[in-house]
>>> print(open('input31.csv').read())   # CSV, C-alpha atoms
chain,number,residue,atom,x,y,z
Z,1,MET,CA,-180.0,-67.2,57.4
Z,2,VAL,CA,-177.8,-69.6,59.2
Z,3,LYS,CA,-174.1,-68.7,59.2
Z,4,VAL,CA,-171.8,-71.6,59.3
Z,5,ILE,CA,-168.0,-71.4,59.6
Z,6,PHE,CA,-166.0,-74.2,58.1
Z,7,LYS,CA,-162.5,-74.8,59.4
Z,8,THR,CA,-161.6,-77.4,56.9
Z,9,TYR,CA,-162.7,-78.9,53.6
Z,10,ARG,CA,-163.7,-82.0,55.5
Z,11,ASP,CA,-166.1,-79.8,57.6
Z,12,ILE,CA,-168.0,-78.7,54.4
Z,13,LEU,CA,-168.1,-82.3,53.1
Z,14,ALA,CA,-169.4,-83.6,56.5
Z,15,THR,CA,-172.0,-80.8,56.5
Z,16,ILE,CA,-173.2,-81.8,53.0
Z,17,GLU,CA,-173.5,-85.4,54.1
Z,18,ILE,CA,-175.4,-84.5,57.2
Z,19,THR,CA,-177.8,-82.2,55.3
Z,20,LYS,CA,-178.4,-85.0,52.7
Z,21,ALA,CA,-179.1,-87.4,55.6
Z,22,GLU,CA,-181.6,-84.9,57.2
Z,23,MET,CA,-183.3,-84.6,53.8
Z,24,GLU,CA,-183.6,-88.4,53.5
Z,25,ALA,CA,-185.1,-88.6,57.0
Z,26,LEU,CA,-187.6,-85.8,56.1
Z,27,GLN,CA,-188.6,-87.8,53.0
Z,28,LEU,CA,-189.3,-90.9,55.1
Z,29,ASP,CA,-191.4,-88.7,57.4
Z,30,LEU,CA,-193.3,-87.4,54.4
Z,31,ASP,CA,-193.9,-90.9,53.1
Z,32,TYR,CA,-195.6,-91.6,56.4
Z,33,TRP,CA,-197.8,-88.5,56.3
Z,34,ILE,CA,-198.7,-88.4,52.5
Z,35,GLY,CA,-198.2,-92.0,51.5
Z,36,LYS,CA,-195.2,-93.4,49.8
Z,37,ASN,CA,-195.2,-92.5,46.1
Z,38,SER,CA,-198.6,-91.0,46.4
Z,39,ASP,CA,-200.0,-87.5,46.4
Z,40,HIS,CA,-203.2,-88.6,48.0
Z,41,PRO,CA,-203.1,-88.3,51.8
Z,42,LEU,CA,-206.0,-90.7,52.3
Z,43,LEU,CA,-203.6,-93.5,51.4
Z,44,SER,CA,-201.1,-92.6,54.1
Z,45,GLN,CA,-200.5,-94.2,57.5
Z,46,GLY,CA,-200.3,-90.8,59.2
Z,47,ALA,CA,-203.7,-89.7,57.9
Z,48,ALA,CA,-205.3,-93.0,58.8
Z,49,LYS,CA,-204.0,-92.8,62.3
Z,50,TYR,CA,-204.2,-89.1,63.1
Z,51,GLY,CA,-206.6,-87.6,60.6
Z,52,LEU,CA,-206.3,-85.6,57.5
Z,53,ASP,CA,-205.9,-82.2,59.2
Z,54,VAL,CA,-202.9,-83.4,61.2
Z,55,ALA,CA,-201.4,-85.1,58.1
Z,56,GLU,CA,-201.8,-82.0,56.1
Z,57,ASN,CA,-200.2,-79.7,58.8
Z,58,ARG,CA,-197.4,-82.1,59.3
Z,59,SER,CA,-196.7,-82.6,55.6
Z,60,ASN,CA,-196.8,-78.8,55.0
Z,61,PHE,CA,-194.2,-78.3,57.8
Z,62,LEU,CA,-192.0,-81.1,56.3
Z,63,TYR,CA,-192.2,-79.6,52.8
Z,64,GLU,CA,-191.2,-76.2,54.1
Z,65,ARG,CA,-188.3,-77.7,56.1
Z,66,MET,CA,-187.2,-79.7,53.0
Z,67,GLY,CA,-187.1,-76.5,50.9
Z,68,LYS,CA,-184.9,-74.8,53.4
Z,69,LEU,CA,-182.5,-77.7,53.5
Z,70,GLU,CA,-182.4,-77.9,49.7
Z,71,GLY,CA,-181.4,-74.2,49.6
Z,72,ARG,CA,-178.7,-74.8,52.2
Z,73,LEU,CA,-177.4,-77.8,50.5
Z,74,LYS,CA,-177.1,-75.9,47.2
Z,75,GLY,CA,-175.1,-73.2,49.0
Z,76,TYR,CA,-172.8,-75.8,50.7
Z,77,GLU,CA,-172.2,-77.5,47.4
Z,78,GLU,CA,-171.2,-74.2,45.8
Z,79,ILE,CA,-168.7,-73.5,48.6
Z,80,GLU,CA,-167.3,-77.0,48.3
Z,81,LYS,CA,-166.9,-76.6,44.6
Z,82,GLU,CA,-165.2,-73.2,44.9
Z,83,ILE,CA,-162.8,-74.5,47.6
Z,84,ARG,CA,-161.9,-77.5,45.5
Z,85,GLU,CA,-161.4,-75.5,42.3
Z,86,ASN,CA,-159.2,-72.9,44.2
Z,87,ILE,CA,-157.0,-75.7,45.6
Z,88,GLU,CA,-156.7,-77.4,42.3
Z,89,ASN,CA,-155.6,-74.1,40.6
Z,90,LEU,CA,-152.6,-73.8,42.9
Z,91,HIS,CA,-149.3,-75.3,42.1
Z,92,GLY,CA,-146.2,-76.6,43.9
Z,93,LEU,CA,-145.8,-75.7,47.5
Z,94,GLU,CA,-149.0,-73.6,47.6
Z,95,HIS,CA,-151.0,-76.6,46.4
Z,96,LYS,CA,-149.4,-78.9,49.1
Z,97,ILE,CA,-150.1,-76.4,51.8
Z,98,ALA,CA,-153.7,-75.8,50.8
Z,99,LYS,CA,-154.4,-79.6,50.6
Z,100,LEU,CA,-152.9,-80.2,54.0
Z,101,ARG,CA,-154.7,-77.2,55.6
Z,102,PHE,CA,-158.1,-77.4,54.0
Z,103,ILE,CA,-158.5,-81.1,53.2
Z,104,LYS,CA,-156.5,-82.7,56.0
Z,105,GLY,CA,-157.2,-80.0,58.5
Z,106,LEU,CA,-153.6,-79.6,59.7
Z,107,THR,CA,-152.3,-76.5,61.5
Z,108,TYR,CA,-149.6,-74.4,59.9
Z,109,GLU,CA,-147.1,-75.6,62.5
Z,110,GLU,CA,-148.0,-79.2,61.5
Z,111,ILE,CA,-147.7,-78.4,57.8
Z,112,ALA,CA,-144.3,-76.8,58.4
Z,113,ASP,CA,-143.1,-79.9,60.3
Z,114,GLN,CA,-144.4,-82.3,57.7
Z,115,LEU,CA,-143.0,-80.5,54.7
Z,116,GLY,CA,-139.7,-79.6,56.4
Z,117,TYR,CA,-140.0,-75.8,56.3
Z,118,SER,CA,-140.1,-73.2,59.0
Z,119,TYR,CA,-143.4,-72.0,60.3
Z,120,GLY,CA,-142.6,-68.5,59.2
Z,121,TYR,CA,-141.9,-69.6,55.7
Z,122,ILE,CA,-145.2,-71.4,55.5
Z,123,ARG,CA,-147.1,-68.4,56.8
Z,124,THR,CA,-145.4,-66.2,54.2
Z,125,ILE,CA,-146.5,-68.5,51.4
Z,126,VAL,CA,-150.0,-68.6,52.9
Z,127,SER,CA,-150.3,-64.9,53.2
Z,128,LYS,CA,-149.3,-64.4,49.6
Z,129,GLY,CA,-151.9,-67.0,48.6
Z,130,ASP,CA,-154.6,-65.4,50.8
Z,131,ASN,CA,-154.5,-62.3,48.6
Z,132,GLN,CA,-155.4,-64.4,45.6
Z,133,MET,CA,-158.2,-66.4,47.2
Z,134,PRO,CA,-161.8,-65.2,47.5
Z,135,LYS,CA,-162.4,-63.7,51.0
Z,136,ARG,CA,-164.7,-66.4,52.2
Z,137,LEU,CA,-162.1,-69.1,51.4
Z,138,ALA,CA,-159.1,-67.3,52.8
Z,139,GLN,CA,-160.5,-67.2,56.4
>>> encode(input="input31.csv", output="structure tokens")
Amino acid sequence: MVKVIFKTYRDILATIEITKAEMEALQLDLDYWIGKNSDHPLLSQGAAKYGLDVAENRSNFLYERMGKLEGRLKGYEEIEKEIRENIENLHGLEHKIAKLRFIKGLTYEEIADQLGYSYGYIRTIVSKGDNQMPKRLAQ
């Protein structure tokens, strides 16, 4: 299993978009090897050029890779949803801090400056909120 650490909400969104783009590229590759909108490899460009054995091996590899990416994408989307729901469940200053930290990617020092509070006060608010967030989101 691949372990990915997300520093901001934008990181997870970017990872989701990159994963979707990878899946689209794999689909284009599959279209070449098995034929676009066809389950019959004799109609594909790849099989015509390189033979059925090569087309079959390549398409099997691509299907396996696509399955792995689909699993990762589902996990990434679940994390994104959980982060978004947790941020939206916050109110007042906690909500502002969470949005600036996770969505905008600001440091706590930058957040303190932007909101007009001391760094220590922001850290106090954050540490209280960390106790209420699921462990994988509070990191």
>>> residues_around(input="input31.csv", residues="Ile97 in chain Z", least_positions_apart="4", cutoff="9 Å", atoms="all atoms listed in the file", output="list in words")
Gly92, Leu93, Arg101, Phe102, Tyr108, Ile111, Ala112, Leu115, Ile122, Ile125 and Val126 of chain Z
>>> atom_distance(input="input31.csv", atom1="CA of Tyr121 in chain Z", atom2="CA of Leu106 in chain Z")
15.9 Å
>>> closest_residue(input="input31.csv", among="Z:Glu70, Z:Asp11, Z:Gly51, Z:Phe61", to="Glu24 in chain Z", atoms="only C-alpha atoms")
Z:Glu70
>>> closest_residue(input="input31.csv", among="Z:Leu13, Z:Ile18, Z:Ile34, Z:Leu26", to="Arg65 in chain Z", atoms="all atoms listed in the file")
Z:Leu26
>>> closest_residue(input="input31.csv", among="Z:Glu94, Z:Gln114, Z:Ile83, Z:Tyr119", to="Thr8 in chain Z", atoms="all atoms listed in the file")
Z:Ile83
>>> closest_residue(input="input31.csv", among="Z:His91, Z:Trp33, Z:Met23, Z:Asn60", to="Ala48 in chain Z", atoms="all atoms listed in the file")
Z:Trp33
>>> closest_residue(input="input31.csv", among="Z:Arg10, Z:Lys36, Z:Lys20, Z:Lys128", to="Gly71 in chain Z", atoms="only C-alpha atoms")
Z:Lys20
>>> atom_distance(input="input31.csv", atom1="CA of Leu30 in chain Z", atom2="CA of Lys68 in chain Z")
15.2 Å
>>> atom_distance(input="input31.csv", atom1="CA of Asn57 in chain Z", atom2="CA of Glu17 in chain Z")
27.7 Å
>>> closest_residue(input="input31.csv", among="Z:Tyr63, Z:Ser44, Z:Ile87, Z:Tyr9", to="Gly105 in chain Z", atoms="only C-alpha atoms")
Z:Tyr9
>>> residues_around(input="input31.csv", residues="Arg72 in chain Z", least_positions_apart="4", cutoff="9 Å", atoms="only C-alpha atoms", output="ChimeraX atom specification")
/Z:2,16,19,67-68,76-77
>>> decode(input="input31.csv", residues="range 61-87 of chain Z", atoms="N, CA, C and O atoms", output="PDB file, in the first residue's frame")
ATOM      1  N   PHE Z  61      -1.944  -5.885 -18.150  1.00  0.00           N
ATOM      2  CA  PHE Z  61      -1.175  -4.991 -17.278  1.00  0.00           C
ATOM      3  C   PHE Z  61      -1.935  -3.694 -17.038  1.00  0.00           C
ATOM      4  O   PHE Z  61      -2.027  -3.200 -15.907  1.00  0.00           O
ATOM      5  N   LEU Z  62      -2.513  -3.132 -18.102  1.00  0.00           N
ATOM      6  CA  LEU Z  62      -3.229  -1.866 -17.985  1.00  0.00           C
ATOM      7  C   LEU Z  62      -4.487  -2.003 -17.138  1.00  0.00           C
ATOM      8  O   LEU Z  62      -4.808  -1.123 -16.336  1.00  0.00           O
ATOM      9  N   TYR Z  63      -5.219  -3.115 -17.291  1.00  0.00           N
ATOM     10  CA  TYR Z  63      -6.400  -3.347 -16.450  1.00  0.00           C
ATOM     11  C   TYR Z  63      -6.020  -3.459 -14.973  1.00  0.00           C
ATOM     12  O   TYR Z  63      -6.705  -2.916 -14.101  1.00  0.00           O
ATOM     13  N   GLU Z  64      -4.932  -4.134 -14.701  1.00  0.00           N
ATOM     14  CA  GLU Z  64      -4.462  -4.269 -13.311  1.00  0.00           C
ATOM     15  C   GLU Z  64      -4.090  -2.899 -12.738  1.00  0.00           C
ATOM     16  O   GLU Z  64      -4.466  -2.553 -11.622  1.00  0.00           O
ATOM     17  N   ARG Z  65      -3.369  -2.130 -13.512  1.00  0.00           N
ATOM     18  CA  ARG Z  65      -2.974  -0.781 -13.078  1.00  0.00           C
ATOM     19  C   ARG Z  65      -4.206   0.104 -12.864  1.00  0.00           C
ATOM     20  O   ARG Z  65      -4.277   0.848 -11.894  1.00  0.00           O
ATOM     21  N   MET Z  66      -5.180   0.011 -13.747  1.00  0.00           N
ATOM     22  CA  MET Z  66      -6.411   0.794 -13.627  1.00  0.00           C
ATOM     23  C   MET Z  66      -7.149   0.426 -12.347  1.00  0.00           C
ATOM     24  O   MET Z  66      -7.647   1.300 -11.640  1.00  0.00           O
ATOM     25  N   GLY Z  67      -7.201  -0.857 -12.021  1.00  0.00           N
ATOM     26  CA  GLY Z  67      -7.857  -1.292 -10.797  1.00  0.00           C
ATOM     27  C   GLY Z  67      -7.197  -0.726  -9.555  1.00  0.00           C
ATOM     28  O   GLY Z  67      -7.877  -0.289  -8.617  1.00  0.00           O
ATOM     29  N   LYS Z  68      -5.868  -0.712  -9.547  1.00  0.00           N
ATOM     30  CA  LYS Z  68      -5.141  -0.138  -8.408  1.00  0.00           C
ATOM     31  C   LYS Z  68      -5.426   1.354  -8.272  1.00  0.00           C
ATOM     32  O   LYS Z  68      -5.641   1.855  -7.173  1.00  0.00           O
ATOM     33  N   LEU Z  69      -5.425   2.053  -9.391  1.00  0.00           N
ATOM     34  CA  LEU Z  69      -5.698   3.486  -9.353  1.00  0.00           C
ATOM     35  C   LEU Z  69      -7.128   3.777  -8.912  1.00  0.00           C
ATOM     36  O   LEU Z  69      -7.374   4.738  -8.180  1.00  0.00           O
ATOM     37  N   GLU Z  70      -8.074   2.960  -9.336  1.00  0.00           N
ATOM     38  CA  GLU Z  70      -9.468   3.144  -8.915  1.00  0.00           C
ATOM     39  C   GLU Z  70      -9.587   3.004  -7.396  1.00  0.00           C
ATOM     40  O   GLU Z  70     -10.312   3.764  -6.753  1.00  0.00           O
ATOM     41  N   GLY Z  71      -8.872   2.036  -6.827  1.00  0.00           N
ATOM     42  CA  GLY Z  71      -8.877   1.858  -5.374  1.00  0.00           C
ATOM     43  C   GLY Z  71      -8.284   3.050  -4.649  1.00  0.00           C
ATOM     44  O   GLY Z  71      -8.825   3.525  -3.644  1.00  0.00           O
ATOM     45  N   ARG Z  72      -7.161   3.533  -5.159  1.00  0.00           N
ATOM     46  CA  ARG Z  72      -6.533   4.715  -4.557  1.00  0.00           C
ATOM     47  C   ARG Z  72      -7.443   5.931  -4.655  1.00  0.00           C
ATOM     48  O   ARG Z  72      -7.588   6.682  -3.697  1.00  0.00           O
ATOM     49  N   LEU Z  73      -8.039   6.125  -5.828  1.00  0.00           N
ATOM     50  CA  LEU Z  73      -8.916   7.273  -6.033  1.00  0.00           C
ATOM     51  C   LEU Z  73     -10.072   7.246  -5.041  1.00  0.00           C
ATOM     52  O   LEU Z  73     -10.407   8.276  -4.451  1.00  0.00           O
ATOM     53  N   LYS Z  74     -10.654   6.097  -4.842  1.00  0.00           N
ATOM     54  CA  LYS Z  74     -11.751   5.972  -3.885  1.00  0.00           C
ATOM     55  C   LYS Z  74     -11.288   6.379  -2.485  1.00  0.00           C
ATOM     56  O   LYS Z  74     -11.975   7.125  -1.790  1.00  0.00           O
ATOM     57  N   GLY Z  75     -10.107   5.917  -2.089  1.00  0.00           N
ATOM     58  CA  GLY Z  75      -9.560   6.291  -0.781  1.00  0.00           C
ATOM     59  C   GLY Z  75      -9.293   7.781  -0.681  1.00  0.00           C
ATOM     60  O   GLY Z  75      -9.610   8.406   0.339  1.00  0.00           O
ATOM     61  N   TYR Z  76      -8.701   8.357  -1.709  1.00  0.00           N
ATOM     62  CA  TYR Z  76      -8.429   9.797  -1.714  1.00  0.00           C
ATOM     63  C   TYR Z  76      -9.716  10.597  -1.611  1.00  0.00           C
ATOM     64  O   TYR Z  76      -9.790  11.589  -0.902  1.00  0.00           O
ATOM     65  N   GLU Z  77     -10.740  10.163  -2.347  1.00  0.00           N
ATOM     66  CA  GLU Z  77     -12.016  10.879  -2.313  1.00  0.00           C
ATOM     67  C   GLU Z  77     -12.683  10.773  -0.939  1.00  0.00           C
ATOM     68  O   GLU Z  77     -13.322  11.717  -0.483  1.00  0.00           O
ATOM     69  N   GLU Z  78     -12.513   9.648  -0.267  1.00  0.00           N
ATOM     70  CA  GLU Z  78     -13.054   9.499   1.088  1.00  0.00           C
ATOM     71  C   GLU Z  78     -12.344  10.443   2.056  1.00  0.00           C
ATOM     72  O   GLU Z  78     -12.984  11.068   2.904  1.00  0.00           O
ATOM     73  N   ILE Z  79     -11.026  10.553   1.925  1.00  0.00           N
ATOM     74  CA  ILE Z  79     -10.264  11.473   2.772  1.00  0.00           C
ATOM     75  C   ILE Z  79     -10.698  12.908   2.512  1.00  0.00           C
ATOM     76  O   ILE Z  79     -10.918  13.683   3.439  1.00  0.00           O
ATOM     77  N   GLU Z  80     -10.834  13.276   1.235  1.00  0.00           N
ATOM     78  CA  GLU Z  80     -11.255  14.635   0.871  1.00  0.00           C
ATOM     79  C   GLU Z  80     -12.618  14.950   1.473  1.00  0.00           C
ATOM     80  O   GLU Z  80     -12.831  16.020   2.041  1.00  0.00           O
ATOM     81  N   LYS Z  81     -13.538  14.021   1.368  1.00  0.00           N
ATOM     82  CA  LYS Z  81     -14.879  14.222   1.910  1.00  0.00           C
ATOM     83  C   LYS Z  81     -14.830  14.390   3.425  1.00  0.00           C
ATOM     84  O   LYS Z  81     -15.490  15.271   3.983  1.00  0.00           O
ATOM     85  N   GLU Z  82     -14.035  13.572   4.093  1.00  0.00           N
ATOM     86  CA  GLU Z  82     -13.931  13.647   5.554  1.00  0.00           C
ATOM     87  C   GLU Z  82     -13.327  14.983   5.993  1.00  0.00           C
ATOM     88  O   GLU Z  82     -13.818  15.604   6.940  1.00  0.00           O
ATOM     89  N   ILE Z  83     -12.296  15.434   5.292  1.00  0.00           N
ATOM     90  CA  ILE Z  83     -11.689  16.730   5.626  1.00  0.00           C
ATOM     91  C   ILE Z  83     -12.709  17.849   5.434  1.00  0.00           C
ATOM     92  O   ILE Z  83     -12.889  18.699   6.309  1.00  0.00           O
ATOM     93  N   ARG Z  84     -13.376  17.841   4.280  1.00  0.00           N
ATOM     94  CA  ARG Z  84     -14.366  18.883   3.982  1.00  0.00           C
ATOM     95  C   ARG Z  84     -15.490  18.896   5.019  1.00  0.00           C
ATOM     96  O   ARG Z  84     -15.871  19.956   5.521  1.00  0.00           O
ATOM     97  N   GLU Z  85     -16.005  17.725   5.372  1.00  0.00           N
ATOM     98  CA  GLU Z  85     -17.078  17.654   6.362  1.00  0.00           C
ATOM     99  C   GLU Z  85     -16.610  18.150   7.728  1.00  0.00           C
ATOM    100  O   GLU Z  85     -17.346  18.848   8.424  1.00  0.00           O
ATOM    101  N   ASN Z  86     -15.386  17.787   8.117  1.00  0.00           N
ATOM    102  CA  ASN Z  86     -14.865  18.238   9.409  1.00  0.00           C
ATOM    103  C   ASN Z  86     -14.676  19.744   9.444  1.00  0.00           C
ATOM    104  O   ASN Z  86     -14.972  20.386  10.452  1.00  0.00           O
ATOM    105  N   ILE Z  87     -14.200  20.303   8.355  1.00  0.00           N
ATOM    106  CA  ILE Z  87     -14.024  21.754   8.301  1.00  0.00           C
ATOM    107  C   ILE Z  87     -15.378  22.453   8.356  1.00  0.00           C
ATOM    108  O   ILE Z  87     -15.550  23.435   9.073  1.00  0.00           O
TER     109      ILE Z  87
END
